[in-house]
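Read the structure below first, then the notes.
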Amino acid sequence: MADLRLQRRMEQLDGDREALEHIARALEGRVLPLPSEPEISDPTIEVAEELALAPQGIKLLLEVMPAAIALLTHGRLVHANSAFAYAFGYRSLAELIEAGGLEAILPQGAAALASENGAERSEPVDALTRSRRRLKVAFASSMIDDEAGLTLLRLIDQKALDDETAPSIAEIDANAASRRLDFLAKVSHEVRTPLNSILGFTELMLQERFGPIGNARYKGYVEDIHQSGLYALSLLNDLLDISKIEAGKFELDFTAVEVPELVEDCVNSLQPLAKRARIVLRTSLAEKLPSIVADPRRLKQILLNLLTNAIKFTKEGGQVIVSGTMIDGELRLRVRDNGVGMTKDEIGFAMQPFHQLDTAPRMQSGTGLGLPVTKALVDANRARLVLTSEPGVGTSADVVFPAERLFTSSFAD
């Protein structure tokens with residue numbers, strides 16, 4: 001594929017080469033006959049002299065060339081067409097010369113163009129644009145006049161450079177993820193201060209610390225403001241979490257975690273939500289489960305996300321069960337419900353950021369980041385998330401910890 005691309009580029013530049021040879025001869029005071037013209041014999045020297053270009057004519061010819069061309073005298077830039085200046089971000093030749101000429105583009109100057117084997121094409125070299133962005137370029141040089149040190153320099157199209165000079169897809173993705181994280185961190189810092197003020201003052205108003213709220217409707221409005229603030233804070237936290245994981249900057253504090261204590265804590269915190277939805281929330285844990293190596297705060301976030309989803313998609317009178325068992329040497333934490341369930345396509349849809357299913361039996365609010373963040377957190381804890389579901393039957397979400405993440409010394413056979 002690279003050979004085909006290079007071949008096409010070479011064909012495209014055939015006309016440029018002929019014109020460049022014409023320029024070189026013109027600079028020497030003579031012209032090279034074009035292919036469509038008859039050969040000019042020795043007796044017609046006067047005709048050749050008439051066709052020889054004056055300095056202004058040479059500049060005009062260079063200017064209309066699509067290739068980026070420059071003229072050097074003893075390594076110093078004396079002229080270049082607009083295409084050459086534009087290639088490095090300069091608006092004109094005058095601006096390029098004022099910035100330092102060739103040294104503004106190549107910090108090492110003409111020495112960077114030297115070739116060990118005398119080849120006319122230079123190896124890819126480091127160059128700088130007007131905005132000081134670094135890039136790899138190559139040049140083709142032709143010596144026109146040894147005595148005057150006059151050299152014609154042509155910038156080779158970057159597309160024709162070796163593929164190794166281009167950054168890899170992984171590097172591009174990593175840089176993009178890092179930039180997203182930096183942006184979100186700045187946004188988070190600016191948003192959290194007013195958001196914390198909104199949440200703090202609404203909580204004071206709901207508790208009526210300085211006296212009762214005169215109208216019950218006002219209290220309802222304050223509750224709505226408080227819930228909206230919590231929703232915005234949750235969205236901000238989820239965005240930061242998933243961005244940190246993508247950028248490889250997510251820090252975890254691994255320690256021994258007692259599964260029964262963690263599960264009971266999560267279930268107790270969500271019992272009020274389950275009771276309001278008239279759903280039975282209970283546990284079913286095997287005896288003497290081993291401790292697991294995980295980040296306790298993030299593991300709690302995983303379970304809370306899965307339990308909240310299960311409650312959200314379960315009808316009144318249904319139940320949600322959290323179980324923990326050992327299967328084939330692995331510890332399996334399961335959140336199972338008998339709710340609306342999902343098809344295989346709906347599972348794939350729900351795992352994508354900002355995608356929400358509209359199958360919940362009640363009106364629900366959410367960020368659409370619950371499952372994607374949960375999956376990322378499970379992976380970060382060296383476990384795996386397994387989702388199985390059937391429409392009308394329910395959904396099971398398993399967090400499976402392999403044997404190497406267990407403290408087996410505390411597990412009794």
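In the structure tokens, chains take the letters A, B, ... in the order shown, each chain's residues start at 1, and ligands count up from 1 in the order shown.
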Who sits within 7 Å of segment 71-88 of chain A, only C-alpha atoms, same chain under 2 positions skipped, as a PDB file with N, CA and C atoms, in the first residue's frame:
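Written file, part.pdb:
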ATOM      1  N   LEU A  62       8.822  30.254  -9.561  1.00  0.00           N
ATOM      2  CA  LEU A  62       8.808  29.529  -8.279  1.00  0.00           C
ATOM      3  C   LEU A  62       7.473  29.688  -7.568  1.00  0.00           C
ATOM      4  N   GLU A  63       6.901  30.880  -7.638  1.00  0.00           N
ATOM      5  CA  GLU A  63       5.666  31.167  -6.905  1.00  0.00           C
ATOM      6  C   GLU A  63       4.495  30.342  -7.409  1.00  0.00           C
ATOM      7  N   PRO A  66       3.406  24.302  -7.444  1.00  0.00           N
ATOM      8  CA  PRO A  66       2.680  23.755  -6.291  1.00  0.00           C
ATOM      9  C   PRO A  66       3.617  23.173  -5.227  1.00  0.00           C
ATOM     10  N   ALA A  67       4.829  22.781  -5.632  1.00  0.00           N
ATOM     11  CA  ALA A  67       5.784  22.238  -4.663  1.00  0.00           C
ATOM     12  C   ALA A  67       6.342  23.356  -3.798  1.00  0.00           C
ATOM     13  N   ALA A  68       6.749  22.997  -2.564  1.00  0.00           N
ATOM     14  CA  ALA A  68       7.356  23.960  -1.638  1.00  0.00           C
ATOM     15  C   ALA A  68       8.849  24.020  -1.938  1.00  0.00           C
ATOM     16  N   ILE A  69       9.311  25.162  -2.463  1.00  0.00           N
ATOM     17  CA  ILE A  69      10.680  25.290  -2.960  1.00  0.00           C
ATOM     18  C   ILE A  69      11.362  26.478  -2.312  1.00  0.00           C
ATOM     19  N   TYR A  90       4.129  29.917   8.235  1.00  0.00           N
ATOM     20  CA  TYR A  90       4.443  31.339   8.075  1.00  0.00           C
ATOM     21  C   TYR A  90       3.579  31.927   6.961  1.00  0.00           C
ATOM     22  N   ARG A  91       3.147  33.151   7.153  1.00  0.00           N
ATOM     23  CA  ARG A  91       2.220  33.770   6.209  1.00  0.00           C
ATOM     24  C   ARG A  91       2.913  34.330   4.981  1.00  0.00           C
ATOM     25  N   SER A  92       4.222  34.500   5.029  1.00  0.00           N
ATOM     26  CA  SER A  92       4.952  35.050   3.894  1.00  0.00           C
ATOM     27  C   SER A  92       6.425  34.726   4.043  1.00  0.00           C
ATOM     28  N   LEU A  93       7.169  34.896   2.933  1.00  0.00           N
ATOM     29  CA  LEU A  93       8.613  34.696   2.979  1.00  0.00           C
ATOM     30  C   LEU A  93       9.258  35.714   3.911  1.00  0.00           C
ATOM     31  N   LEU A  96       9.051  34.558   7.417  1.00  0.00           N
ATOM     32  CA  LEU A  96       9.958  33.444   7.656  1.00  0.00           C
ATOM     33  C   LEU A  96      11.398  33.940   7.820  1.00  0.00           C
ATOM     34  N   GLY A 101      14.913  32.624   9.095  1.00  0.00           N
ATOM     35  CA  GLY A 101      15.188  31.910   7.868  1.00  0.00           C
ATOM     36  C   GLY A 101      15.192  30.403   8.061  1.00  0.00           C
ATOM     37  N   LEU A 102      16.170  29.730   7.467  1.00  0.00           N
ATOM     38  CA  LEU A 102      16.233  28.268   7.538  1.00  0.00           C
ATOM     39  C   LEU A 102      16.391  27.782   8.979  1.00  0.00           C
ATOM     40  N   ALA A 110      21.458  24.310   7.737  1.00  0.00           N
ATOM     41  CA  ALA A 110      21.709  23.489   6.556  1.00  0.00           C
ATOM     42  C   ALA A 110      22.438  22.198   6.898  1.00  0.00           C
ATOM     43  N   THR A 129       7.525  24.334  13.305  1.00  0.00           N
ATOM     44  CA  THR A 129       6.610  25.249  12.646  1.00  0.00           C
ATOM     45  C   THR A 129       6.631  26.602  13.351  1.00  0.00           C
ATOM     46  N   ARG A 130       5.881  27.523  12.828  1.00  0.00           N
ATOM     47  CA  ARG A 130       5.815  28.863  13.425  1.00  0.00           C
ATOM     48  C   ARG A 130       5.299  28.803  14.863  1.00  0.00           C
ATOM     49  N   ALA A 148      29.005  29.567  -6.467  1.00  0.00           N
ATOM     50  CA  ALA A 148      28.152  30.504  -5.727  1.00  0.00           C
ATOM     51  C   ALA A 148      27.493  29.853  -4.522  1.00  0.00           C
ATOM     52  N   GLY A 149      27.611  28.511  -4.415  1.00  0.00           N
ATOM     53  CA  GLY A 149      26.964  27.801  -3.309  1.00  0.00           C
ATOM     54  C   GLY A 149      25.462  27.846  -3.385  1.00  0.00           C
ATOM     55  N   LEU A 150      24.930  27.907  -4.624  1.00  0.00           N
ATOM     56  CA  LEU A 150      23.476  28.039  -4.820  1.00  0.00           C
ATOM     57  C   LEU A 150      22.834  26.659  -4.874  1.00  0.00           C
ATOM     58  N   THR A 151      21.885  26.426  -3.986  1.00  0.00           N
ATOM     59  CA  THR A 151      21.204  25.131  -3.879  1.00  0.00           C
ATOM     60  C   THR A 151      19.699  25.332  -3.959  1.00  0.00           C
ATOM     61  N   LEU A 152      19.054  24.454  -4.732  1.00  0.00           N
ATOM     62  CA  LEU A 152      17.593  24.452  -4.809  1.00  0.00           C
ATOM     63  C   LEU A 152      17.065  23.373  -3.874  1.00  0.00           C
ATOM     64  N   LEU A 153      16.172  23.761  -2.972  1.00  0.00           N
ATOM     65  CA  LEU A 153      15.652  22.873  -1.927  1.00  0.00           C
ATOM     66  C   LEU A 153      14.164  22.666  -2.135  1.00  0.00           C
TER      67      LEU A 153
END
Could you give me, as a ChimeraX atom specification, the residues within 9 Å of segment 323-335 of chain A, counting only C-alpha atoms and dropping anything in the same chain fewer than 4 positions from it? /A:259-260,263,282-287,289-290,292,303,306-307,310,395-406
Would you export the selected residues with C-alpha atoms as a tab-separated table (two decimals), in the first residue's frame, please?
chain	number	residue	atom	x	y	z
A	259	VAL	CA	-16.99	-9.27	51.38
A	260	PRO	CA	-19.85	-9.77	53.89
A	263	VAL	CA	-22.22	-6.19	50.94
A	282	ARG	CA	-31.80	-9.14	50.52
A	283	THR	CA	-28.49	-11.01	50.65
A	284	SER	CA	-27.50	-14.66	50.26
A	285	LEU	CA	-23.81	-15.12	51.05
A	286	ALA	CA	-21.94	-18.39	51.46
A	287	GLU	CA	-20.18	-18.98	54.76
A	289	LEU	CA	-15.92	-16.36	52.04
A	290	PRO	CA	-12.25	-15.35	51.62
A	292	ILE	CA	-10.43	-10.23	48.28
A	303	LEU	CA	-21.99	-2.79	44.07
A	306	LEU	CA	-25.32	-2.60	40.16
A	307	LEU	CA	-27.87	-2.56	42.99
A	310	ALA	CA	-31.37	-3.61	39.56
A	395	THR	CA	-30.84	-9.78	34.91
A	396	SER	CA	-27.77	-11.15	36.68
A	397	ALA	CA	-24.62	-9.06	37.02
A	398	ASP	CA	-21.60	-11.06	38.23
A	399	VAL	CA	-18.35	-9.55	39.48
A	400	VAL	CA	-15.84	-12.41	39.35
A	401	PHE	CA	-12.54	-12.26	41.26
A	402	PRO	CA	-9.95	-14.84	40.09
A	403	ALA	CA	-8.02	-17.01	42.52
A	404	GLU	CA	-4.95	-14.75	42.49
A	405	ARG	CA	-7.06	-11.89	43.93
A	406	LEU	CA	-8.19	-13.93	46.97
Within 10 Å of Glu223 of chain A using only C-alpha atoms, minus same-chain residues under 3 positions, as a PyMOL selection string: chain A and resi 202-203+205-206+217-220+226-229
Write down as a PyMOL selection string the residues belonging to segment 216-389 of chain A that are assigned strand (DSSP E) by DSSP computed on the backbone. chain A and resi 255-257+280-285+291-294+319-327+330-337+384-389
So that I have them on file, write out the residues from the current selection with C-alpha atoms, as a PDB file, in the first residue's frame.
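Here's the written file part_15.pdb:
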ATOM      1  CA  THR A 255      -6.168  -3.825  50.416  1.00  0.00           C
ATOM      2  CA  ALA A 256      -7.896  -6.846  51.924  1.00  0.00           C
ATOM      3  CA  VAL A 257     -11.682  -6.438  51.737  1.00  0.00           C
ATOM      4  CA  VAL A 280     -37.436  -6.774  48.440  1.00  0.00           C
ATOM      5  CA  LEU A 281     -33.672  -6.312  48.763  1.00  0.00           C
ATOM      6  CA  ARG A 282     -31.805  -9.136  50.518  1.00  0.00           C
ATOM      7  CA  THR A 283     -28.493 -11.014  50.650  1.00  0.00           C
ATOM      8  CA  SER A 284     -27.497 -14.662  50.258  1.00  0.00           C
ATOM      9  CA  LEU A 285     -23.808 -15.123  51.050  1.00  0.00           C
ATOM     10  CA  SER A 291     -11.148 -11.762  51.661  1.00  0.00           C
ATOM     11  CA  ILE A 292     -10.431 -10.226  48.283  1.00  0.00           C
ATOM     12  CA  VAL A 293      -7.691  -7.848  47.128  1.00  0.00           C
ATOM     13  CA  ALA A 294      -9.469  -4.720  45.868  1.00  0.00           C
ATOM     14  CA  GLN A 319     -36.864  -8.682  44.499  1.00  0.00           C
ATOM     15  CA  VAL A 320     -33.146  -8.030  44.202  1.00  0.00           C
ATOM     16  CA  ILE A 321     -30.695 -10.539  45.705  1.00  0.00           C
ATOM     17  CA  VAL A 322     -26.985 -10.089  46.369  1.00  0.00           C
ATOM     18  CA  SER A 323     -25.166 -13.408  46.604  1.00  0.00           C
ATOM     19  CA  GLY A 324     -21.556 -14.447  47.082  1.00  0.00           C
ATOM     20  CA  THR A 325     -20.224 -17.923  46.279  1.00  0.00           C
ATOM     21  CA  MET A 326     -17.013 -19.751  45.414  1.00  0.00           C
ATOM     22  CA  ILE A 327     -17.100 -21.414  41.973  1.00  0.00           C
ATOM     23  CA  GLU A 330     -13.120 -17.910  41.959  1.00  0.00           C
ATOM     24  CA  LEU A 331     -15.265 -15.648  44.113  1.00  0.00           C
ATOM     25  CA  ARG A 332     -18.447 -14.587  42.357  1.00  0.00           C
ATOM     26  CA  LEU A 333     -20.481 -11.623  43.633  1.00  0.00           C
ATOM     27  CA  ARG A 334     -23.870 -11.627  41.944  1.00  0.00           C
ATOM     28  CA  VAL A 335     -26.623  -8.999  41.849  1.00  0.00           C
ATOM     29  CA  ARG A 336     -29.749 -10.698  40.503  1.00  0.00           C
ATOM     30  CA  ASP A 337     -33.213  -9.248  39.923  1.00  0.00           C
ATOM     31  CA  ARG A 384     -14.357  -9.239  35.306  1.00  0.00           C
ATOM     32  CA  LEU A 385     -17.993  -8.268  34.825  1.00  0.00           C
ATOM     33  CA  VAL A 386     -20.404 -10.822  33.350  1.00  0.00           C
ATOM     34  CA  LEU A 387     -23.945  -9.775  32.418  1.00  0.00           C
ATOM     35  CA  THR A 388     -26.693 -12.271  31.596  1.00  0.00           C
ATOM     36  CA  SER A 389     -30.293 -11.286  31.027  1.00  0.00           C
TER      37      SER A 389
END
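Taking only C-alpha atoms, the non-local environment of Leu230 of chain A within 9 Å (same-chain residues fewer than 4 positions away omitted) comprises Leu195, Leu199, Ile225, His226, Ser234 and Leu235 of chain A.
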Filtering to N, CA and C atoms, could you give me those residues as a CSV table (one decimal), in the first residue's frame?
chain,number,residue,atom,x,y,z
A,195,LEU,N,-21.4,24.4,42.9
A,195,LEU,CA,-22.2,23.2,43.2
A,195,LEU,C,-22.3,22.8,44.6
A,199,LEU,N,-25.6,22.8,47.1
A,199,LEU,CA,-26.0,21.6,47.9
A,199,LEU,C,-26.1,22.0,49.4
A,225,ILE,N,-34.2,21.2,43.6
A,225,ILE,CA,-32.9,21.8,43.4
A,225,ILE,C,-31.8,21.0,44.0
A,226,HIS,N,-32.0,20.4,45.2
A,226,HIS,CA,-31.0,19.6,45.9
A,226,HIS,C,-30.8,18.3,45.1
A,234,SER,N,-23.0,13.8,40.6
A,234,SER,CA,-22.8,12.4,40.2
A,234,SER,C,-22.2,12.3,38.8
A,235,LEU,N,-22.8,13.1,37.9
A,235,LEU,CA,-22.4,13.1,36.5
A,235,LEU,C,-20.9,13.5,36.4
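Minimum atom-to-atom distances from A:Leu113, A:Ala350, A:Ile311, A:Leu299 to Val137 of chain A were compared using only C-alpha atoms, and the lowest value belongs to A:Leu113.
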